[in-house]
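Visitor: Sharing my_file_11.cif (mmCIF, C-alpha atoms) below.
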data_structure
#
loop_
_atom_site.label_atom_id
_atom_site.label_comp_id
_atom_site.auth_asym_id
_atom_site.auth_seq_id
_atom_site.Cartn_x
_atom_site.Cartn_y
_atom_site.Cartn_z
CA MET F 1 41.31 -1.14 -5.02
CA HIS F 2 40.76 0.73 -1.76
CA THR F 3 37.07 0.84 -0.80
CA GLY F 4 37.48 4.56 -0.18
CA LYS F 5 37.48 5.22 -3.91
CA ILE F 6 35.06 2.88 -5.64
CA PHE F 7 32.12 5.31 -5.78
CA GLU F 8 34.14 7.68 -7.99
CA ASN F 9 33.88 5.33 -10.98
CA THR F 10 31.30 7.01 -13.24
CA GLU F 11 31.83 4.59 -16.12
CA ILE F 12 30.39 1.78 -13.99
CA ALA F 13 27.82 4.06 -12.33
CA PHE F 14 26.22 5.21 -15.58
CA ALA F 15 26.95 2.28 -17.88
CA LEU F 16 23.24 1.74 -18.52
CA LYS F 17 22.53 5.38 -19.41
CA THR F 18 22.51 6.45 -23.03
CA ASP F 19 23.91 9.90 -23.78
CA THR F 20 20.35 11.21 -23.99
CA GLN F 21 19.44 9.75 -20.60
CA LEU F 22 22.62 11.19 -19.14
CA GLU F 23 21.66 14.65 -20.44
CA ARG F 24 18.14 14.27 -19.05
CA ALA F 25 19.45 13.28 -15.62
CA TYR F 26 21.81 16.25 -15.62
CA PHE F 27 18.99 18.60 -16.62
CA LEU F 28 16.68 17.17 -13.91
CA PHE F 29 19.16 17.45 -11.06
CA LYS F 30 20.08 20.92 -12.27
CA MET F 31 16.42 21.87 -11.93
CA ILE F 32 16.02 20.17 -8.57
CA SER F 33 19.12 21.93 -7.23
CA ASN F 34 17.31 25.21 -7.69
CA GLU F 35 15.02 25.29 -4.67
CA PRO F 36 12.59 28.08 -5.67
CA LEU F 37 12.17 26.27 -8.98
CA VAL F 38 11.22 23.07 -7.14
CA ARG F 39 8.52 24.98 -5.25
CA ILE F 40 7.15 26.63 -8.38
CA GLY F 41 7.29 23.36 -10.30
CA THR F 42 5.56 21.49 -7.50
CA ALA F 43 2.74 24.01 -7.24
CA ALA F 44 2.29 24.17 -11.01
CA THR F 45 2.31 20.40 -11.36
CA ASN F 46 -0.25 19.92 -8.59
CA PHE F 47 -2.47 22.54 -10.13
CA ALA F 48 -2.19 21.10 -13.62
CA LEU F 49 -2.97 17.56 -12.45
CA LYS F 50 -5.98 18.69 -10.40
CA ALA F 51 -7.23 20.76 -13.30
CA HIS F 52 -6.72 17.75 -15.61
CA LEU F 53 -4.42 19.70 -17.91
CA PRO F 54 -2.62 17.45 -20.41
CA ILE F 55 0.79 17.41 -18.73
CA GLU F 56 1.07 13.70 -17.99
CA GLY F 57 3.16 13.22 -21.12
CA LEU F 58 5.61 15.90 -20.08
CA ILE F 59 5.88 14.56 -16.53
CA ARG F 60 6.24 11.03 -17.87
CA SER F 61 9.10 11.90 -20.20
CA THR F 62 11.05 13.83 -17.56
CA VAL F 63 10.67 13.37 -13.82
CA PHE F 64 8.54 10.23 -13.92
CA ASP F 65 10.77 8.17 -16.18
CA HIS F 66 13.85 9.17 -14.24
CA PHE F 67 12.53 8.24 -10.78
CA CYS F 68 9.92 5.59 -11.66
CA GLY F 69 9.90 2.27 -13.45
CA GLY F 70 6.52 2.65 -15.13
CA VAL F 71 2.76 2.84 -14.60
CA ASN F 72 2.33 -0.87 -13.84
CA GLU F 73 4.46 -3.98 -13.14
CA GLU F 74 4.76 -5.07 -16.78
CA ASP F 75 5.80 -1.56 -17.69
CA CYS F 76 8.76 -1.88 -15.28
CA LEU F 77 10.10 -5.10 -16.76
CA SER F 78 12.59 -3.58 -19.17
CA VAL F 79 14.03 -1.42 -16.37
CA ILE F 80 14.24 -4.46 -14.06
CA GLU F 81 15.94 -6.71 -16.61
CA ASN F 82 18.26 -3.95 -17.75
CA MET F 83 19.51 -3.23 -14.22
CA TYR F 84 19.94 -6.92 -13.52
CA THR F 85 22.45 -7.20 -16.37
CA LYS F 86 24.70 -5.18 -14.04
CA GLY F 87 23.83 -7.24 -10.97
CA VAL F 88 21.38 -4.75 -9.46
CA SER F 89 18.12 -6.30 -8.22
CA SER F 90 14.75 -4.54 -8.04
CA VAL F 91 12.19 -3.90 -5.33
CA LEU F 92 8.93 -2.86 -6.97
CA ASP F 93 7.35 -0.14 -4.84
CA TYR F 94 3.70 0.60 -5.54
CA SER F 95 3.90 4.28 -4.66
CA VAL F 96 0.27 5.26 -4.46
CA GLU F 97 -0.28 7.10 -1.19
CA GLY F 98 -2.95 8.32 1.18
CA LYS F 99 -5.77 5.87 0.56
CA GLU F 100 -8.52 5.55 3.16
CA SER F 101 -11.16 3.03 2.11
CA GLU F 102 -11.42 -0.72 2.70
CA ALA F 103 -11.72 -1.31 -1.04
CA GLU F 104 -8.47 0.60 -1.61
CA PHE F 105 -6.69 -1.34 1.14
CA ASP F 106 -7.84 -4.62 -0.39
CA ALA F 107 -6.73 -3.45 -3.83
CA ALA F 108 -3.30 -2.54 -2.40
CA MET F 109 -3.01 -6.00 -0.87
CA GLN F 110 -3.92 -7.65 -4.19
CA LYS F 111 -1.32 -5.46 -5.88
CA ILE F 112 1.38 -6.62 -3.45
CA LEU F 113 0.32 -10.27 -3.85
CA LYS F 114 0.60 -9.81 -7.59
CA ILE F 115 4.12 -8.46 -7.13
CA VAL F 116 4.99 -11.43 -4.88
CA ASN F 117 3.91 -13.80 -7.66
CA PHE F 118 5.66 -11.66 -10.22
CA ALA F 119 8.85 -11.70 -8.12
CA ASP F 120 8.64 -15.45 -7.61
CA GLU F 121 9.40 -16.07 -11.28
CA LYS F 122 12.24 -13.55 -11.47
CA GLU F 123 15.68 -13.85 -10.02
CA SER F 124 16.02 -10.08 -10.46
CA MET F 125 13.25 -9.40 -7.90
CA PRO F 126 14.03 -11.09 -4.56
CA ILE F 127 12.20 -8.51 -2.44
CA VAL F 128 8.78 -6.82 -2.19
CA VAL F 129 7.70 -3.90 -0.05
CA PHE F 130 4.58 -2.27 1.37
CA LYS F 131 3.63 0.48 3.79
CA PRO F 132 1.51 -0.28 6.87
CA THR F 133 -0.88 2.55 5.95
CA GLY F 134 -1.32 0.95 2.53
CA PHE F 135 -3.23 -1.81 4.34
CA GLY F 136 -5.14 0.16 6.96
CA ARG F 137 -6.09 3.60 8.23
CA PHE F 138 -3.43 5.70 9.91
CA HIS F 139 -5.86 6.62 12.67
CA LEU F 140 -6.31 2.98 13.60
CA TYR F 141 -2.57 2.41 14.09
CA GLN F 142 -2.35 5.62 16.06
CA LYS F 143 -5.25 4.73 18.35
CA LEU F 144 -3.81 1.29 19.06
CA GLY F 145 -0.34 2.68 19.59
CA GLU F 146 -1.69 5.13 22.15
CA GLY F 147 -3.24 2.23 24.03
CA ALA F 148 -6.81 3.39 23.43
CA THR F 149 -9.61 0.84 23.25
CA LEU F 150 -11.04 0.25 19.80
CA THR F 151 -14.78 0.27 19.20
CA SER F 152 -16.16 -3.07 18.00
CA GLU F 153 -16.31 -1.71 14.43
CA GLU F 154 -12.70 -0.55 14.70
CA GLN F 155 -11.66 -3.91 16.11
CA GLU F 156 -13.21 -5.64 13.09
CA GLU F 157 -11.46 -3.16 10.84
CA TRP F 158 -8.15 -3.85 12.59
CA ASN F 159 -8.67 -7.61 12.22
CA ARG F 160 -8.88 -7.02 8.48
CA VAL F 161 -5.59 -5.08 8.57
CA VAL F 162 -3.95 -7.98 10.41
CA ALA F 163 -5.40 -10.40 7.86
CA ARG F 164 -3.94 -8.36 4.97
CA PHE F 165 -0.49 -8.41 6.57
CA ASP F 166 -0.84 -12.12 7.20
CA THR F 167 -1.96 -12.91 3.64
CA VAL F 168 1.03 -11.11 2.14
CA CYS F 169 3.63 -12.46 4.60
CA LYS F 170 2.31 -15.99 4.18
CA ALA F 171 2.47 -15.74 0.37
CA ALA F 172 5.99 -14.28 0.62
CA LYS F 173 7.12 -17.19 2.75
CA GLU F 174 5.60 -19.73 0.34
CA LYS F 175 7.37 -18.11 -2.61
CA ASP F 176 10.58 -17.41 -0.67
CA VAL F 177 10.37 -13.68 -1.39
CA VAL F 178 11.55 -11.19 1.25
CA VAL F 179 8.94 -8.64 2.33
CA LEU F 180 10.09 -5.25 3.65
CA ILE F 181 7.54 -3.31 5.68
CA ASP F 182 8.23 0.40 5.59
CA GLY F 183 8.47 2.67 8.61
CA GLU F 184 6.18 5.67 8.97
CA GLU F 185 5.44 8.39 11.54
CA SER F 186 6.38 7.61 15.15
CA TRP F 187 2.86 8.13 16.49
CA MET F 188 1.52 5.24 14.41
CA GLN F 189 4.67 3.12 14.44
CA ASP F 190 4.17 1.29 17.76
CA ALA F 191 1.12 -0.58 16.49
CA ALA F 192 2.86 -1.33 13.19
CA ASP F 193 5.95 -2.60 15.07
CA ASP F 194 3.84 -4.95 17.20
CA LEU F 195 2.11 -6.31 14.13
CA VAL F 196 5.37 -6.83 12.23
CA THR F 197 6.90 -8.62 15.23
CA GLN F 198 3.86 -10.90 15.24
CA MET F 199 4.47 -11.65 11.53
CA MET F 200 8.16 -12.35 12.20
CA GLN F 201 7.22 -14.88 14.89
CA LEU F 202 4.90 -16.60 12.44
CA TYR F 203 6.98 -16.53 9.26
CA ASN F 204 10.65 -16.05 10.16
CA THR F 205 10.94 -19.57 11.55
CA GLU F 206 13.67 -20.84 9.19
CA LYS F 207 15.18 -17.53 8.08
CA PRO F 208 14.17 -13.86 7.81
CA ILE F 209 11.30 -13.35 5.34
CA VAL F 210 9.53 -10.43 7.04
CA TYR F 211 11.63 -7.30 7.66
CA ASN F 212 10.69 -4.31 9.77
CA THR F 213 12.14 -0.84 9.12
CA LEU F 214 14.15 1.01 11.73
CA GLN F 215 14.36 4.76 11.22
CA MET F 216 17.59 5.61 12.96
CA TYR F 217 16.89 9.33 13.30
CA ARG F 218 14.79 8.15 16.24
CA HIS F 219 16.93 7.97 19.37
CA ASP F 220 14.95 5.04 20.80
CA ARG F 221 15.57 2.59 17.97
CA MET F 222 18.74 0.93 19.31
CA ALA F 223 16.92 0.04 22.53
CA PHE F 224 14.04 -1.31 20.44
CA LEU F 225 16.45 -3.39 18.33
CA LYS F 226 18.08 -4.94 21.40
CA LYS F 227 14.70 -5.72 22.97
CA GLU F 228 13.54 -7.41 19.73
CA THR F 229 16.78 -9.41 19.57
CA ASP F 230 16.18 -10.80 23.07
CA LEU F 231 12.59 -11.64 22.16
CA ALA F 232 13.65 -13.46 18.98
CA LYS F 233 16.32 -15.44 20.83
CA ALA F 234 13.86 -16.44 23.54
CA ASN F 235 11.24 -17.51 21.00
CA ASN F 236 13.40 -19.05 18.31
CA TYR F 237 12.72 -16.97 15.24
CA PHE F 238 14.77 -14.78 12.93
CA LEU F 239 14.81 -11.01 12.50
CA GLY F 240 15.00 -8.92 9.36
CA TYR F 241 15.61 -5.17 9.44
CA LYS F 242 15.83 -2.45 6.91
CA LEU F 243 17.93 0.39 8.33
CA VAL F 244 17.27 3.93 7.14
CA ARG F 245 17.88 7.35 8.56
CA GLY F 246 14.24 8.41 8.21
CA ALA F 247 11.99 10.60 6.11
CA TYR F 248 9.60 12.52 8.36
CA MET F 249 11.91 14.71 10.41
CA GLU F 250 10.23 18.10 9.99
CA LYS F 251 6.82 16.55 10.60
CA GLU F 252 8.04 14.72 13.73
CA ASN F 253 9.65 17.80 15.27
CA GLU F 254 6.69 20.05 14.50
CA ARG F 255 4.20 17.67 16.08
CA ALA F 256 6.35 17.19 19.19
CA GLU F 257 6.62 20.94 19.63
CA LYS F 258 2.93 21.51 19.06
CA LYS F 259 1.83 18.75 21.43
CA LYS F 260 4.55 19.52 23.99
CA TYR F 261 6.30 16.15 24.14
CA THR F 262 9.98 15.32 23.66
CA THR F 263 10.74 14.77 20.01
CA PRO F 264 11.68 11.18 19.12
CA ILE F 265 14.28 12.55 16.70
CA CYS F 266 18.01 12.62 17.51
CA ALA F 267 19.36 15.99 18.59
CA SER F 268 21.66 16.41 15.59
CA LYS F 269 22.59 15.04 12.19
CA GLN F 270 25.76 13.69 13.80
CA ALA F 271 23.77 11.86 16.51
CA THR F 272 21.60 10.32 13.77
CA ASP F 273 24.68 9.21 11.84
CA GLU F 274 26.19 7.66 14.96
CA ASN F 275 22.92 5.90 15.76
CA PHE F 276 22.71 4.57 12.20
CA ASN F 277 26.32 3.33 12.31
CA THR F 278 25.77 1.66 15.69
CA ALA F 279 22.74 -0.18 14.30
CA VAL F 280 24.71 -1.30 11.23
CA ALA F 281 27.49 -2.72 13.42
CA TYR F 282 24.96 -4.37 15.74
CA THR F 283 23.10 -6.15 12.94
CA LEU F 284 26.37 -7.35 11.40
CA ASP F 285 27.33 -8.78 14.81
CA HIS F 286 24.06 -10.71 14.98
CA LEU F 287 23.85 -12.28 11.53
CA ASP F 288 23.29 -15.63 13.21
CA ILE F 289 19.72 -14.53 13.86
CA MET F 290 19.17 -11.49 11.68
CA SER F 291 19.53 -10.13 8.19
CA VAL F 292 19.91 -6.49 7.26
CA PHE F 293 18.94 -4.30 4.33
CA VAL F 294 20.91 -1.05 4.56
CA GLY F 295 18.88 1.64 2.83
CA THR F 296 21.19 4.58 2.37
CA HIS F 297 22.36 7.21 -0.10
CA ASN F 298 25.22 8.10 2.21
CA GLU F 299 28.64 7.16 0.88
CA ASP F 300 30.30 7.07 4.30
CA SER F 301 27.65 4.67 5.61
CA SER F 302 28.10 2.44 2.58
CA TYR F 303 31.88 2.38 3.04
CA LEU F 304 31.36 1.63 6.73
CA VAL F 305 29.25 -1.44 5.95
CA MET F 306 31.90 -2.63 3.49
CA ASP F 307 34.72 -2.09 5.98
CA LEU F 308 32.84 -3.85 8.78
CA MET F 309 32.01 -6.79 6.51
CA LYS F 310 35.68 -7.11 5.62
CA ALA F 311 36.76 -6.86 9.28
CA LYS F 312 34.22 -9.53 10.30
CA ASN F 313 35.10 -11.80 7.36
CA ILE F 314 31.63 -11.54 5.86
CA VAL F 315 31.82 -12.24 2.12
CA ASN F 316 30.57 -9.49 -0.21
CA ASN F 317 27.58 -11.47 -1.46
CA ASP F 318 26.46 -12.88 1.92
CA SER F 319 22.71 -13.27 1.47
CA ARG F 320 22.04 -11.73 4.90
CA VAL F 321 23.42 -8.33 3.93
CA TRP F 322 21.80 -6.06 1.32
CA PHE F 323 22.31 -2.48 0.24
CA GLY F 324 19.44 -0.43 -1.17
CA GLN F 325 18.99 2.88 -2.96
CA LEU F 326 16.16 4.54 -4.82
CA TYR F 327 15.83 4.27 -8.56
CA GLY F 328 17.09 7.44 -10.25
CA MET F 329 19.42 8.32 -7.39
CA SER F 330 22.92 7.39 -6.23
CA ASP F 331 23.75 5.16 -9.18
CA HIS F 332 27.41 5.65 -8.30
CA ILE F 333 26.76 3.74 -5.07
CA SER F 334 24.42 1.03 -6.42
CA TYR F 335 26.29 0.03 -9.56
CA ASN F 336 29.77 0.18 -8.06
CA LEU F 337 28.66 -1.98 -5.11
CA ALA F 338 27.09 -4.48 -7.51
CA HIS F 339 30.28 -4.45 -9.58
CA TYR F 340 32.18 -5.68 -6.51
CA GLY F 341 29.69 -8.45 -5.87
CA TYR F 342 27.63 -6.94 -3.05
CA ASN F 343 23.85 -7.56 -2.89
CA VAL F 344 22.20 -4.38 -4.13
CA ALA F 345 18.57 -3.57 -4.81
CA LYS F 346 16.97 -0.44 -6.18
CA TYR F 347 13.52 0.62 -4.98
CA ILE F 348 11.51 1.12 -8.16
CA PRO F 349 8.39 3.22 -7.62
CA PHE F 350 5.56 2.63 -10.05
CA GLY F 351 1.88 3.49 -10.47
CA PRO F 352 -0.37 5.82 -12.47
CA VAL F 353 1.40 9.13 -13.08
CA LYS F 354 -1.06 11.28 -11.17
CA ASP F 355 -1.12 8.91 -8.18
CA VAL F 356 2.66 8.78 -7.94
CA MET F 357 3.12 12.56 -8.13
CA PRO F 358 3.01 13.11 -4.33
CA TYR F 359 5.84 10.60 -4.05
CA LEU F 360 7.86 12.29 -6.81
CA ILE F 361 7.36 15.73 -5.32
CA ARG F 362 8.62 14.46 -1.98
CA ARG F 363 11.73 13.04 -3.68
CA ALA F 364 12.47 16.34 -5.39
CA GLU F 365 12.06 18.23 -2.13
CA GLU F 366 14.14 15.65 -0.27
CA ASN F 367 16.95 16.01 -2.79
CA THR F 368 16.92 19.74 -2.24
CA SER F 369 16.97 19.41 1.54
CA VAL F 370 19.61 16.68 1.88
CA ALA F 371 22.83 18.63 1.98
CA GLY F 372 25.02 17.89 -0.99
CA GLN F 373 22.87 15.14 -2.52
CA THR F 374 21.95 17.00 -5.70
CA GLY F 375 25.36 18.62 -6.00
CA ARG F 376 27.02 15.21 -5.80
CA GLU F 377 24.73 13.79 -8.52
CA LEU F 378 25.51 16.76 -10.76
CA THR F 379 29.28 16.49 -10.25
CA LEU F 380 29.27 12.81 -11.17
CA LEU F 381 26.99 13.27 -14.20
CA LYS F 382 29.22 16.09 -15.43
CA LYS F 383 32.31 13.92 -14.91
CA GLU F 384 30.77 11.10 -16.97
CA LYS F 385 29.68 13.49 -19.74
CA GLN F 386 33.28 14.69 -19.98
CA ARG F 387 34.67 11.15 -19.89
CA ARG F 388 32.46 10.17 -22.85
CA LYS F 389 33.58 13.17 -24.86
CA GLY F 390 37.07 11.75 -24.26
#
Show me this structure written as structure tokens.

Guide:
Amino acid sequence: MHTGKIFENTEIAFALKTDTQLERAYFLFKMISNEPLVRIGTAATNFALKAHLPIEGLIRSTVFDHFCGGVNEEDCLSVIENMYTKGVSSVLDYSVEGKESEAEFDAAMQKILKIVNFADEKESMPIVVFKPTGFGRFHLYQKLGEGATLTSEEQEEWNRVVARFDTVCKAAKEKDVVVLIDGEESWMQDAADDLVTQMMQLYNTEKPIVYNTLQMYRHDRMAFLKKETDLAKANNYFLGYKLVRGAYMEKENERAEKKKYTTPICASKQATDENFNTAVAYTLDHLDIMSVFVGTHNEDSSYLVMDLMKAKNIVNNDSRVWFGQLYGMSDHISYNLAHYGYNVAKYIPFGPVKDVMPYLIRRAEENTSVAGQTGRELTLLKKEKQRRKG
């Protein structure tokens, strides 16, 4: 079968969905495709949650259950095991955002450690993930990245951030669980990058355990990748990278304009795509010292990885190459890739409904803004509904 067609197979894509779940997905994407509705829904939801109106049940049975695995790890188990019957692994993503206190950072670290232990016992969960700002204040990363001197209190605070990273990466290495560290805004990313590189030097001694995230909508990331490759070669350790296009474009451009500096974002969607493709090819050329997790909902990018793997004689299930999508989206990519033996993992967000809402709202808005994403989901869901009616 030509790779150019495998994502069209809706029978494989939606095999795990009951007719009811299929209808719900269709209804949800139909709603999301209507942009004014997304705005109204977002505002109403935020208001209702702040006012403690009893809408958690409604959110839970619609949006939440489609895009999230559950309110806690145990709650996600049935989703995890179910997906694994089709060869799709899970990355539990504790999607509680915007915390600021030391107690919350420690709690987030404990949560990730718990997931590492949880993952250790399950073949279906080879990977964990966390965000740098889940373990420390944004301002601290920013200040360090700008080269400013920290006060002695801030230095102590930063030492605790480093310790949290270290605790998690060390546990991940002991349990042989891969840890992906997410990318965030460019003005805090330099400090996060330095810290992740430090963790790679410590824990990627036999193979990649710690992965950094490269947001390829930034035009400087290829240069960064090459510099890191030289560093790893010189110091004898492995690299792990998750490649994504990036999620903060509007924010990045607005800040650059406001503060009068050149935006770090590529000039066009095409330039971003080319940058992403270049990075994919580069990582596949350097599998001797690096592993890659390609996080994409883009069909062309997915086909490109498959074609390059074939051209370079890399077997489909080579443990150094992973594909990743978000739970509730692009099932036609995830399940069809898994069907052909590729390593695929779904990011499964979880957490208390009200805490995960900012994440869900962002997803809905993202779906509306990514050209064609929602339309594509709807077309495929409709196709599968028709196929089942026979």

Visitor: Report as a list in words the full result of the PyMOL selection byres ((chain F and resi 310-318) around 6) when it is applied to this structure.

Guide: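 With the shown file as input, the PyMOL selection byres ((chain F and resi 310-318) around 6) matches Asp307, Leu308, Met309, Ser319, Arg320, Val321, Gly341, Tyr342 and Asn343 of chain F.
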
Visitor: Mind checking which residues fall within 10 Å of Met125 (chain F), counting all atoms listed in the file, ignoring those fewer than 5 positions away in the same chain, and posting them as a PyMOL selection string?

Guide: chain F and resi 80-81+84+88-92+115-116+118-120+177-178+345-346

Visitor: Fewer than 3 positions away in the same chain doesn't count, so skip those; otherwise give me all residues within 9 Å of Leu140 (chain F), counting only C-alpha atoms, as a list in words.

Guide: Gly136, Arg137, Lys143, Leu144, Gly145, Leu150, Glu154, Glu157, Trp158, Met188 and Ala191 of chain F

Visitor: Find, counting only C-alpha atoms, the residue in F:Lys242, F:Lys114, F:Lys173, F:Lys269 that gets nearest to His219 (chain F).

Guide: F:Lys269

Visitor: Which residues would end up in the selection if the PyMOL selection byres ((chain F and resi 253-267) around 9) were applied here, given that I need the answer as an mmCIF file with C-alpha atoms, keeping the file's coordinate frame?

Guide:
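And here's out31.cif as it stands now:
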data_model
loop_
_atom_site.group_PDB
_atom_site.id
_atom_site.type_symbol
_atom_site.label_atom_id
_atom_site.label_comp_id
_atom_site.auth_asym_id
_atom_site.auth_seq_id
_atom_site.Cartn_x
_atom_site.Cartn_y
_atom_site.Cartn_z
ATOM 1 C CA SER F 186 6.380 7.610 15.150
ATOM 2 C CA MET F 216 17.590 5.610 12.960
ATOM 3 C CA TYR F 217 16.890 9.330 13.300
ATOM 4 C CA ARG F 218 14.790 8.150 16.240
ATOM 5 C CA HIS F 219 16.930 7.970 19.370
ATOM 6 C CA ASP F 220 14.950 5.040 20.800
ATOM 7 C CA TYR F 248 9.600 12.520 8.360
ATOM 8 C CA MET F 249 11.910 14.710 10.410
ATOM 9 C CA GLU F 250 10.230 18.100 9.990
ATOM 10 C CA LYS F 251 6.820 16.550 10.600
ATOM 11 C CA GLU F 252 8.040 14.720 13.730
ATOM 12 C CA SER F 268 21.660 16.410 15.590
ATOM 13 C CA LYS F 269 22.590 15.040 12.190
ATOM 14 C CA GLN F 270 25.760 13.690 13.800
ATOM 15 C CA ALA F 271 23.770 11.860 16.510
ATOM 16 C CA THR F 272 21.600 10.320 13.770
ATOM 17 C CA ASN F 275 22.920 5.900 15.760
#

Visitor: Using all atoms listed in the file, determine which residues lie at most 10 Å from Ile55 (chain F), disregarding the query and same-chain residues fewer than 4 positions distant; provide the list as a PDB file with C-alpha atoms, in the coordinates of the input.

Guide:
ATOM      1  CA  THR F  45       2.310  20.400 -11.360  1.00  0.00           C
ATOM      2  CA  ALA F  48      -2.190  21.100 -13.620  1.00  0.00           C
ATOM      3  CA  LEU F  49      -2.970  17.560 -12.450  1.00  0.00           C
ATOM      4  CA  ILE F  59       5.880  14.560 -16.530  1.00  0.00           C
ATOM      5  CA  ARG F  60       6.240  11.030 -17.870  1.00  0.00           C
ATOM      6  CA  LYS F 354      -1.060  11.280 -11.170  1.00  0.00           C
TER       7      LYS F 354
END
